[in-house]
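File shown: coords_10.cif (mmCIF, C-alpha atoms and all ligand atoms).
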```cif
data_model
loop_
_atom_site.group_PDB
_atom_site.id
_atom_site.type_symbol
_atom_site.label_atom_id
_atom_site.label_comp_id
_atom_site.auth_asym_id
_atom_site.auth_seq_id
_atom_site.Cartn_x
_atom_site.Cartn_y
_atom_site.Cartn_z
ATOM 1 C CA MET A 243 119.215 159.361 132.415
ATOM 2 C CA LYS A 244 117.993 159.343 135.979
ATOM 3 C CA GLU A 245 119.945 160.637 138.905
ATOM 4 C CA TYR A 246 119.528 159.164 142.385
ATOM 5 C CA ASN A 247 120.748 160.597 145.652
ATOM 6 C CA LEU A 248 121.175 157.834 148.169
ATOM 7 C CA SER A 249 120.888 158.969 151.761
ATOM 8 C CA VAL A 250 122.175 157.194 154.850
ATOM 9 C CA PRO A 251 120.342 157.358 158.187
ATOM 10 C CA MET A 252 122.892 157.946 160.940
ATOM 11 C CA ARG A 253 122.764 159.573 164.362
ATOM 12 C CA ALA A 254 125.633 161.095 166.333
ATOM 13 C CA TYR A 255 125.552 160.885 170.134
ATOM 14 C CA THR A 256 127.697 162.327 172.886
ATOM 15 C CA TRP A 257 128.831 159.792 175.485
ATOM 16 C CA ASP A 258 126.155 160.889 177.936
ATOM 17 C CA GLU A 259 123.416 160.511 175.358
ATOM 18 C CA LEU A 260 124.164 156.828 174.719
ATOM 19 C CA ASN A 261 122.212 154.263 176.701
ATOM 20 C CA GLU A 262 123.781 151.945 179.269
ATOM 21 C CA ASP A 263 123.972 148.906 176.963
ATOM 22 C CA GLN A 264 125.611 150.932 174.229
ATOM 23 C CA ARG A 265 128.162 152.390 176.622
ATOM 24 C CA ALA A 266 128.938 148.961 178.080
ATOM 25 C CA LEU A 267 129.559 147.461 174.632
ATOM 26 C CA ILE A 268 131.715 150.403 173.588
ATOM 27 C CA GLU A 269 133.778 150.063 176.781
ATOM 28 C CA ILE A 270 134.587 146.491 175.747
ATOM 29 C CA ALA A 271 135.506 147.599 172.219
ATOM 30 C CA LYS A 272 137.790 150.251 173.771
ATOM 31 C CA GLU A 273 139.364 147.666 176.078
ATOM 32 C CA GLN A 274 139.952 145.420 173.078
ATOM 33 C CA THR A 275 142.152 148.050 171.398
ATOM 34 C CA SER A 276 144.791 147.203 174.032
ATOM 35 C CA ARG A 277 144.834 143.593 172.768
ATOM 36 C CA SER A 278 145.204 144.524 169.129
ATOM 37 C CA TYR A 279 148.208 143.036 167.305
ATOM 38 C CA CYS A 280 149.256 145.873 165.027
ATOM 39 C CA PRO A 281 153.064 146.128 164.903
ATOM 40 C CA TYR A 282 152.927 147.467 161.336
ATOM 41 C CA SER A 283 150.228 150.150 161.385
ATOM 42 C CA HIS A 284 150.187 150.909 165.133
ATOM 43 C CA TYR A 285 146.487 151.532 164.582
ATOM 44 C CA HIS A 286 144.631 149.641 167.298
ATOM 45 C CA VAL A 287 141.056 148.672 166.541
ATOM 46 C CA GLY A 288 138.758 146.957 169.037
ATOM 47 C CA ALA A 289 135.359 145.418 168.388
ATOM 48 C CA ALA A 290 132.625 143.942 170.548
ATOM 49 C CA ALA A 291 129.579 142.048 169.274
ATOM 50 C CA ARG A 292 126.464 141.514 171.389
ATOM 51 C CA LEU A 293 124.574 138.316 170.525
ATOM 52 C CA ALA A 294 120.852 137.671 170.948
ATOM 53 C CA ASN A 295 121.598 135.406 173.939
ATOM 54 C CA GLY A 296 123.453 138.258 175.658
ATOM 55 C CA VAL A 297 126.941 136.873 175.111
ATOM 56 C CA ILE A 298 129.536 139.430 174.042
ATOM 57 C CA ILE A 299 132.209 138.364 171.590
ATOM 58 C CA ARG A 300 135.430 140.364 171.396
ATOM 59 C CA GLY A 301 137.652 141.124 168.452
ATOM 60 C CA CYS A 302 140.660 143.248 167.516
ATOM 61 C CA ASN A 303 142.804 143.678 164.439
ATOM 62 C CA GLN A 304 145.419 141.013 163.783
ATOM 63 C CA GLU A 305 148.233 142.078 161.482
ATOM 64 C CA ASN A 306 150.776 139.978 159.647
ATOM 65 C CA ALA A 307 154.188 140.522 158.031
ATOM 66 C CA ALA A 308 152.441 139.314 154.870
ATOM 67 C CA TYR A 309 150.061 142.274 155.027
ATOM 68 C CA PRO A 310 146.978 140.818 153.287
ATOM 69 C CA SER A 311 146.977 137.889 155.715
ATOM 70 C CA GLY A 312 145.906 140.151 158.580
ATOM 71 C CA LEU A 313 142.325 140.757 159.631
ATOM 72 C CA CYS A 314 140.321 143.749 160.828
ATOM 73 C CA ALA A 315 138.785 143.917 164.289
ATOM 74 C CA GLU A 316 135.196 143.832 163.034
ATOM 75 C CA ARG A 317 135.691 140.665 161.041
ATOM 76 C CA SER A 318 137.665 138.977 163.809
ATOM 77 C CA ALA A 319 134.691 139.547 166.157
ATOM 78 C CA LEU A 320 131.979 138.579 163.664
ATOM 79 C CA PHE A 321 133.774 135.440 162.483
ATOM 80 C CA ALA A 322 134.462 134.401 166.085
ATOM 81 C CA ALA A 323 130.764 134.933 166.865
ATOM 82 C CA GLY A 324 129.766 132.805 163.862
ATOM 83 C CA ALA A 325 132.220 130.081 164.850
ATOM 84 C CA GLN A 326 131.175 129.895 168.485
ATOM 85 C CA TYR A 327 127.453 130.707 168.293
ATOM 86 C CA PRO A 328 126.302 130.000 164.721
ATOM 87 C CA ASP A 329 122.625 130.133 165.715
ATOM 88 C CA GLU A 330 122.702 133.415 167.641
ATOM 89 C CA ALA A 331 121.974 136.649 165.819
ATOM 90 C CA VAL A 332 124.427 139.492 166.276
ATOM 91 C CA GLU A 333 122.332 142.413 167.482
ATOM 92 C CA GLN A 334 124.931 145.088 168.089
ATOM 93 C CA LEU A 335 128.523 145.742 167.087
ATOM 94 C CA ALA A 336 130.756 148.417 168.643
ATOM 95 C CA ILE A 337 134.071 149.597 167.240
ATOM 96 C CA ALA A 338 136.765 151.824 168.765
ATOM 97 C CA CYS A 339 140.125 152.978 167.396
ATOM 98 C CA PHE A 340 143.268 153.982 169.305
ATOM 99 C CA THR A 341 146.327 155.562 167.736
ATOM 100 C CA GLY A 342 149.077 157.987 168.741
ATOM 101 C CA GLY A 343 148.382 157.341 172.425
ATOM 102 C CA HIS A 344 144.676 158.147 172.429
ATOM 103 C CA PHE A 345 141.283 157.071 171.174
ATOM 104 C CA THR A 346 140.362 158.796 167.956
ATOM 105 C CA LYS A 347 138.376 162.006 168.410
ATOM 106 C CA GLU A 348 136.089 161.072 165.541
ATOM 107 C CA PRO A 349 134.763 157.557 164.898
ATOM 108 C CA GLY A 350 136.821 155.156 162.818
ATOM 109 C CA SER A 351 135.308 154.099 159.536
ATOM 110 C CA PRO A 352 134.972 150.361 158.822
ATOM 111 C CA CYS A 353 136.611 149.235 155.589
ATOM 112 C CA GLY A 354 134.526 147.995 152.664
ATOM 113 C CA GLY A 355 135.355 144.343 153.347
ATOM 114 C CA CYS A 356 134.110 144.621 156.926
ATOM 115 C CA ARG A 357 130.942 146.383 155.799
ATOM 116 C CA GLN A 358 130.239 143.508 153.431
ATOM 117 C CA VAL A 359 130.758 140.993 156.251
ATOM 118 C CA MET A 360 128.501 143.025 158.557
ATOM 119 C CA ILE A 361 125.780 142.882 155.942
ATOM 120 C CA GLU A 362 126.182 139.137 155.466
ATOM 121 C CA THR A 363 125.872 138.743 159.253
ATOM 122 C CA GLU A 364 122.737 140.843 159.363
ATOM 123 C CA HIS A 365 121.234 139.054 156.386
ATOM 124 C CA ARG A 366 122.094 135.637 157.752
ATOM 125 C CA TYR A 367 120.015 136.167 160.885
ATOM 126 C CA GLY A 368 117.228 138.116 159.235
ATOM 127 C CA GLY A 369 117.291 141.032 161.662
ATOM 128 C CA LYS A 370 119.027 144.348 162.026
ATOM 129 C CA MET A 371 122.414 144.747 163.615
ATOM 130 C CA GLN A 372 123.047 148.129 165.208
ATOM 131 C CA VAL A 373 126.548 149.479 164.570
ATOM 132 C CA LEU A 374 128.222 151.844 167.036
ATOM 133 C CA LEU A 375 131.305 153.707 165.830
ATOM 134 C CA TYR A 376 132.976 155.276 168.841
ATOM 135 C CA GLY A 377 134.870 158.567 168.818
ATOM 136 C CA GLU A 378 135.857 160.685 171.814
ATOM 137 C CA ASN A 379 133.808 163.609 170.534
ATOM 138 C CA GLU A 380 130.834 161.619 169.277
ATOM 139 C CA THR A 381 129.613 158.125 168.497
ATOM 140 C CA PHE A 382 127.892 157.363 165.226
ATOM 141 C CA VAL A 383 124.939 154.993 165.477
ATOM 142 C CA PHE A 384 123.580 153.069 162.497
ATOM 143 C CA ASP A 385 120.479 151.021 163.238
ATOM 144 C CA SER A 386 121.307 148.605 160.449
ATOM 145 C CA ALA A 387 124.613 147.468 158.944
ATOM 146 C CA ALA A 388 122.919 147.856 155.558
ATOM 147 C CA ASP A 389 122.976 151.628 156.115
ATOM 148 C CA LEU A 390 126.757 151.501 155.905
ATOM 149 C CA LEU A 391 126.753 150.054 152.410
ATOM 150 C CA PRO A 392 124.050 151.174 149.989
ATOM 151 C CA LEU A 393 123.339 148.871 147.028
ATOM 152 C CA ILE A 394 124.373 145.844 149.029
ATOM 153 C CA PHE A 395 125.300 142.526 147.520
ATOM 154 C CA VAL A 396 123.530 139.634 149.248
ATOM 155 C CA SER A 397 122.685 136.022 148.486
ATOM 156 C CA GLU A 398 119.595 136.920 146.403
ATOM 157 C CA ASN A 399 121.834 138.719 143.929
ATOM 158 C CA LEU A 400 123.477 135.407 143.092
ATOM 159 C CA ASN A 401 120.185 134.220 141.661
ATOM 160 C CA GLY A 402 119.770 137.281 139.504
HETATM 161 N N1 LIG B 1 141.363 148.113 160.597
HETATM 162 C C1 LIG B 1 140.388 147.509 161.310
HETATM 163 O O1 LIG B 1 140.638 146.636 162.151
HETATM 164 N N2 LIG B 1 139.112 147.891 161.087
HETATM 165 C C2 LIG B 1 138.747 148.866 160.230
HETATM 166 O O2 LIG B 1 137.583 149.109 160.090
HETATM 167 C C3 LIG B 1 139.752 149.612 159.478
HETATM 168 C C4 LIG B 1 141.132 149.127 159.592
HETATM 169 C C5 LIG B 1 142.744 147.707 160.853
HETATM 170 C C6 LIG B 1 143.402 146.939 159.751
HETATM 171 C C7 LIG B 1 144.854 147.223 160.029
HETATM 172 O O3 LIG B 1 145.308 146.309 161.008
HETATM 173 C C8 LIG B 1 144.852 148.605 160.633
HETATM 174 O O4 LIG B 1 143.525 148.856 161.055
HETATM 175 C C9 LIG B 1 145.282 149.694 159.676
HETATM 176 O O5 LIG B 1 144.575 149.640 158.488
#
```
Show me this structure written as structure tokens.
Amino acid sequence: MKEYNLSVPMRAYTWDELNEDQRALIEIAKEQTSRSYCPYSHYHVGAAARLANGVIIRGCNQENAAYPSGLCAERSALFAAGAQYPDEAVEQLAIACFTGGHFTKEPGSPCGGCRQVMIETEHRYGGKMQVLLYGENETFVFDSAADLLPLIFVSENLNG
């Protein structure tokens, strides 16, 4: 038997420590929480994706009375980016969460399905996508979506 300890590289920044581009993208993700359609959970999630051509694509969670038919903010942004600019890499993705009348103090944590889609996005364009998880106290920065999901499943796995 062998035991492995998988470690995840992640940095935590205060608002002032983030650079201008990061802050600008997070501001859009925060703005997007106000457009979230979440009458069931009342948990507003906003996302903003920066493409290689500089375009920023917005997303937010979209809920449904048939619960599984809804979609998370991250996937709504990444799928919209893929639909509108299939040839542009997604270089950066920011996420913010708002509930109970305020932005969360600590960063929200993307669900497993969204992590898998982030990895597919990164893999598809062959470069890293930086992920910014905003919280009022601190923002977590992952330089690659792959850092959010160790032992990833990607297209190569299909071929054994
Ligand atoms: N949600 C997201 O949009 N992104 C996440 O990373 C986690 C959860 C949404 C889905 C649902 O509309 C609400 O938050 C509560 O789970």
At a cut-off of 9 Å, using all atoms listed in the file, what residues contact region 265-268 of chain A? Leave out same-chain residues fewer than 5 positions from it and give the result as a PyMOL selection string. chain A and resi 257-258+260+273+289-292+298+334-338+374-376
Collect all residues with atoms no farther than 10 Å from ligand LIG 1 (chain B), counting all atoms listed in the file, and output them as a ChimeraX atom specification. /A:275,278-289,301-306,309-310,312-318,337-341,350-357,375
Kindly export the residues of the current selection with C-alpha atoms, as a CSV table (one decimal), in the frame of the given file.
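Output (selection_1.csv):
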```csv
chain,number,residue,atom,x,y,z
A,275,THR,CA,142.2,148.0,171.4
A,278,SER,CA,145.2,144.5,169.1
A,279,TYR,CA,148.2,143.0,167.3
A,280,CYS,CA,149.3,145.9,165.0
A,281,PRO,CA,153.1,146.1,164.9
A,282,TYR,CA,152.9,147.5,161.3
A,283,SER,CA,150.2,150.2,161.4
A,284,HIS,CA,150.2,150.9,165.1
A,285,TYR,CA,146.5,151.5,164.6
A,286,HIS,CA,144.6,149.6,167.3
A,287,VAL,CA,141.1,148.7,166.5
A,288,GLY,CA,138.8,147.0,169.0
A,289,ALA,CA,135.4,145.4,168.4
A,301,GLY,CA,137.7,141.1,168.5
A,302,CYS,CA,140.7,143.2,167.5
A,303,ASN,CA,142.8,143.7,164.4
A,304,GLN,CA,145.4,141.0,163.8
A,305,GLU,CA,148.2,142.1,161.5
A,306,ASN,CA,150.8,140.0,159.6
A,309,TYR,CA,150.1,142.3,155.0
A,310,PRO,CA,147.0,140.8,153.3
A,312,GLY,CA,145.9,140.2,158.6
A,313,LEU,CA,142.3,140.8,159.6
A,314,CYS,CA,140.3,143.7,160.8
A,315,ALA,CA,138.8,143.9,164.3
A,316,GLU,CA,135.2,143.8,163.0
A,317,ARG,CA,135.7,140.7,161.0
A,318,SER,CA,137.7,139.0,163.8
A,337,ILE,CA,134.1,149.6,167.2
A,338,ALA,CA,136.8,151.8,168.8
A,339,CYS,CA,140.1,153.0,167.4
A,340,PHE,CA,143.3,154.0,169.3
A,341,THR,CA,146.3,155.6,167.7
A,350,GLY,CA,136.8,155.2,162.8
A,351,SER,CA,135.3,154.1,159.5
A,352,PRO,CA,135.0,150.4,158.8
A,353,CYS,CA,136.6,149.2,155.6
A,354,GLY,CA,134.5,148.0,152.7
A,355,GLY,CA,135.4,144.3,153.3
A,356,CYS,CA,134.1,144.6,156.9
A,357,ARG,CA,130.9,146.4,155.8
A,375,LEU,CA,131.3,153.7,165.8
```
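Coordinates place CA of Ala254 (chain A) at a distance of 11.7 Å from CA of Asp385 (chain A).
Closest approach to Phe345 (chain A) among A:Lys272, A:Lys244, A:Arg253, A:Arg366 is made by A:Lys272 (distances from all atoms listed in the file).
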Kindly provide, as JSON, the centre and edge lengths (Å, one decimal) of an axis-aligned box around all atoms of region 362-377 of chain A given in the file, with 8 Å on each side.
```
{"center_x": 126.0, "center_y": 147.1, "center_z": 162.2, "size_x": 33.6, "size_y": 38.9, "size_z": 29.4}
```
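This file gives the following result for the PyMOL selection byres (((chain A and resi 378) around 9) and not hetatm): Thr256, Trp257, Phe345, Thr346, Lys347, Glu348, Pro349, Tyr376, Gly377, Asn379, Glu380 and Thr381 of chain A.
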Restricting the output to C-alpha atoms, write the selected residues as a PDB file, keeping the file's coordinate frame.
```pdb
ATOM      1  CA  THR A 256     127.697 162.327 172.886  1.00  0.00           C
ATOM      2  CA  TRP A 257     128.831 159.792 175.485  1.00  0.00           C
ATOM      3  CA  PHE A 345     141.283 157.071 171.174  1.00  0.00           C
ATOM      4  CA  THR A 346     140.362 158.796 167.956  1.00  0.00           C
ATOM      5  CA  LYS A 347     138.376 162.006 168.410  1.00  0.00           C
ATOM      6  CA  GLU A 348     136.089 161.072 165.541  1.00  0.00           C
ATOM      7  CA  PRO A 349     134.763 157.557 164.898  1.00  0.00           C
ATOM      8  CA  TYR A 376     132.976 155.276 168.841  1.00  0.00           C
ATOM      9  CA  GLY A 377     134.870 158.567 168.818  1.00  0.00           C
ATOM     10  CA  ASN A 379     133.808 163.609 170.534  1.00  0.00           C
ATOM     11  CA  GLU A 380     130.834 161.619 169.277  1.00  0.00           C
ATOM     12  CA  THR A 381     129.613 158.125 168.497  1.00  0.00           C
TER      13      THR A 381
END
```
One decimal, in Å: what's the spacing between CA of Glu362 (chain A) and CA of Val297 (chain A)?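 These two atoms are separated by 19.8 Å.
Each of A:Glu245, A:Pro251, A:His365, A:Ile270 was compared to Asp389 (chain A) using only C-alpha atoms, and A:Pro251 turns out to be the nearest.
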Interatomic distance (Å, one decimal) between CA of Gly368 (chain A) and CA of Glu262 (chain A): 25.2 Å
Using all atoms listed in the file, which protein or nucleic acid residues come within 7 Å of Ala294 (chain A)? Drop anything in the same chain fewer than 3 positions from it, and give the result as a PyMOL selection string. chain A and resi 330-333
Expected file contents, prior selection, C-alpha atoms, as a PDB file, keeping the file's coordinate frame:
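Saved result, part_25.pdb, follows:
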```
ATOM      1  CA  GLU A 330     122.702 133.415 167.641  1.00  0.00           C
ATOM      2  CA  ALA A 331     121.974 136.649 165.819  1.00  0.00           C
ATOM      3  CA  VAL A 332     124.427 139.492 166.276  1.00  0.00           C
ATOM      4  CA  GLU A 333     122.332 142.413 167.482  1.00  0.00           C
TER       5      GLU A 333
END
```
Which residues, written as a PyMOL selection string, have at least one atom at most 8 Å from Met360 (chain A), with all atoms listed in the file counted and residues fewer than 5 positions away on the same chain left out? chain A and resi 317+320+387-388
Please list, as a count of residues only, the residues that have an atom at most 12 Å away from (124.5, 134.3, 149.1) in the coordinates of this file, counting all atoms listed in the file. 16
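Each of A:Glu364, A:Gly324, A:Gln372, A:Val250 was checked against Asp263 (chain A) using only C-alpha atoms; the smallest atom-to-atom distance is that of A:Gln372.
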From the list A:Leu293, A:Ala307, A:Ala271, A:Ile299, which residue is nearest Asp329 (chain A) when using only C-alpha atoms?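 Looking at the shortest contact to Asp329 (chain A), the residue is A:Leu293.
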Missing atoms in region 302-313 of chain A should be modelled up to all heavy atoms and reported as a compact mmCIF listing (two decimals), keeping the file's coordinate frame.
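That gives us selection_32.txt:
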```txt
# COMPACT_ATOMS: atom_id res chain seq x y z
N CYS A 302 139.72 142.13 167.73
CA CYS A 302 140.66 143.25 167.52
C CYS A 302 141.48 142.92 166.28
O CYS A 302 141.53 141.75 165.86
CB CYS A 302 141.54 143.51 168.73
SG CYS A 302 142.42 142.10 169.34
N ASN A 303 142.09 143.95 165.69
CA ASN A 303 142.80 143.68 164.44
C ASN A 303 144.05 142.83 164.68
O ASN A 303 144.72 142.96 165.70
CB ASN A 303 143.10 144.96 163.66
CG ASN A 303 143.80 146.04 164.45
OD1 ASN A 303 143.64 146.13 165.65
ND2 ASN A 303 144.56 146.87 163.77
N GLN A 304 144.32 141.97 163.72
CA GLN A 304 145.42 141.01 163.78
C GLN A 304 146.25 141.18 162.52
O GLN A 304 145.83 140.78 161.44
CB GLN A 304 144.87 139.58 163.85
CG GLN A 304 143.89 139.31 164.98
CD GLN A 304 144.54 139.33 166.35
OE1 GLN A 304 145.70 138.94 166.50
NE2 GLN A 304 143.82 139.80 167.36
N GLU A 305 147.42 141.81 162.67
CA GLU A 305 148.23 142.08 161.48
C GLU A 305 149.24 140.96 161.23
O GLU A 305 149.41 140.06 162.05
CB GLU A 305 148.92 143.45 161.64
CG GLU A 305 147.87 144.55 161.72
CD GLU A 305 148.45 145.95 161.69
OE1 GLU A 305 149.68 146.12 161.84
OE2 GLU A 305 147.64 146.89 161.52
N ASN A 306 149.86 141.04 160.07
CA ASN A 306 150.78 139.98 159.65
C ASN A 306 151.86 140.59 158.78
O ASN A 306 151.59 141.53 158.02
CB ASN A 306 149.97 138.94 158.85
CG ASN A 306 150.73 137.64 158.69
OD1 ASN A 306 151.69 137.55 157.93
ND2 ASN A 306 150.32 136.65 159.43
N ALA A 307 153.08 140.04 158.86
CA ALA A 307 154.19 140.52 158.03
C ALA A 307 153.82 140.41 156.55
O ALA A 307 154.26 141.22 155.73
CB ALA A 307 155.45 139.73 158.32
N ALA A 308 153.03 139.40 156.22
CA ALA A 308 152.44 139.31 154.87
C ALA A 308 151.12 140.07 154.98
O ALA A 308 150.09 139.52 155.38
CB ALA A 308 152.22 137.86 154.48
N TYR A 309 151.16 141.36 154.68
CA TYR A 309 150.06 142.27 155.03
C TYR A 309 148.64 141.75 154.75
O TYR A 309 147.77 141.85 155.60
CB TYR A 309 150.25 143.63 154.34
CG TYR A 309 151.37 144.49 154.89
CD1 TYR A 309 152.23 144.00 155.87
CD2 TYR A 309 151.57 145.77 154.42
CE1 TYR A 309 153.27 144.78 156.37
CE2 TYR A 309 152.62 146.56 154.92
CZ TYR A 309 153.46 146.06 155.90
OH TYR A 309 154.47 146.84 156.38
N PRO A 310 148.38 141.21 153.56
CA PRO A 310 146.98 140.82 153.29
C PRO A 310 146.49 139.66 154.16
O PRO A 310 145.30 139.38 154.18
CB PRO A 310 146.99 140.40 151.80
CG PRO A 310 148.28 140.93 151.26
CD PRO A 310 149.23 140.98 152.40
N SER A 311 147.41 139.01 154.86
CA SER A 311 146.98 137.89 155.72
C SER A 311 146.39 138.36 157.05
O SER A 311 145.86 137.55 157.81
CB SER A 311 148.16 136.95 156.00
OG SER A 311 148.66 136.43 154.79
N GLY A 312 146.48 139.64 157.34
CA GLY A 312 145.91 140.15 158.58
C GLY A 312 144.39 140.25 158.49
O GLY A 312 143.79 139.98 157.44
N LEU A 313 143.79 140.63 159.61
CA LEU A 313 142.32 140.76 159.63
C LEU A 313 141.91 141.93 160.51
O LEU A 313 142.51 142.19 161.55
CB LEU A 313 141.69 139.47 160.15
CG LEU A 313 140.18 139.33 159.91
CD1 LEU A 313 139.85 139.25 158.42
CD2 LEU A 313 139.61 138.10 160.63
```
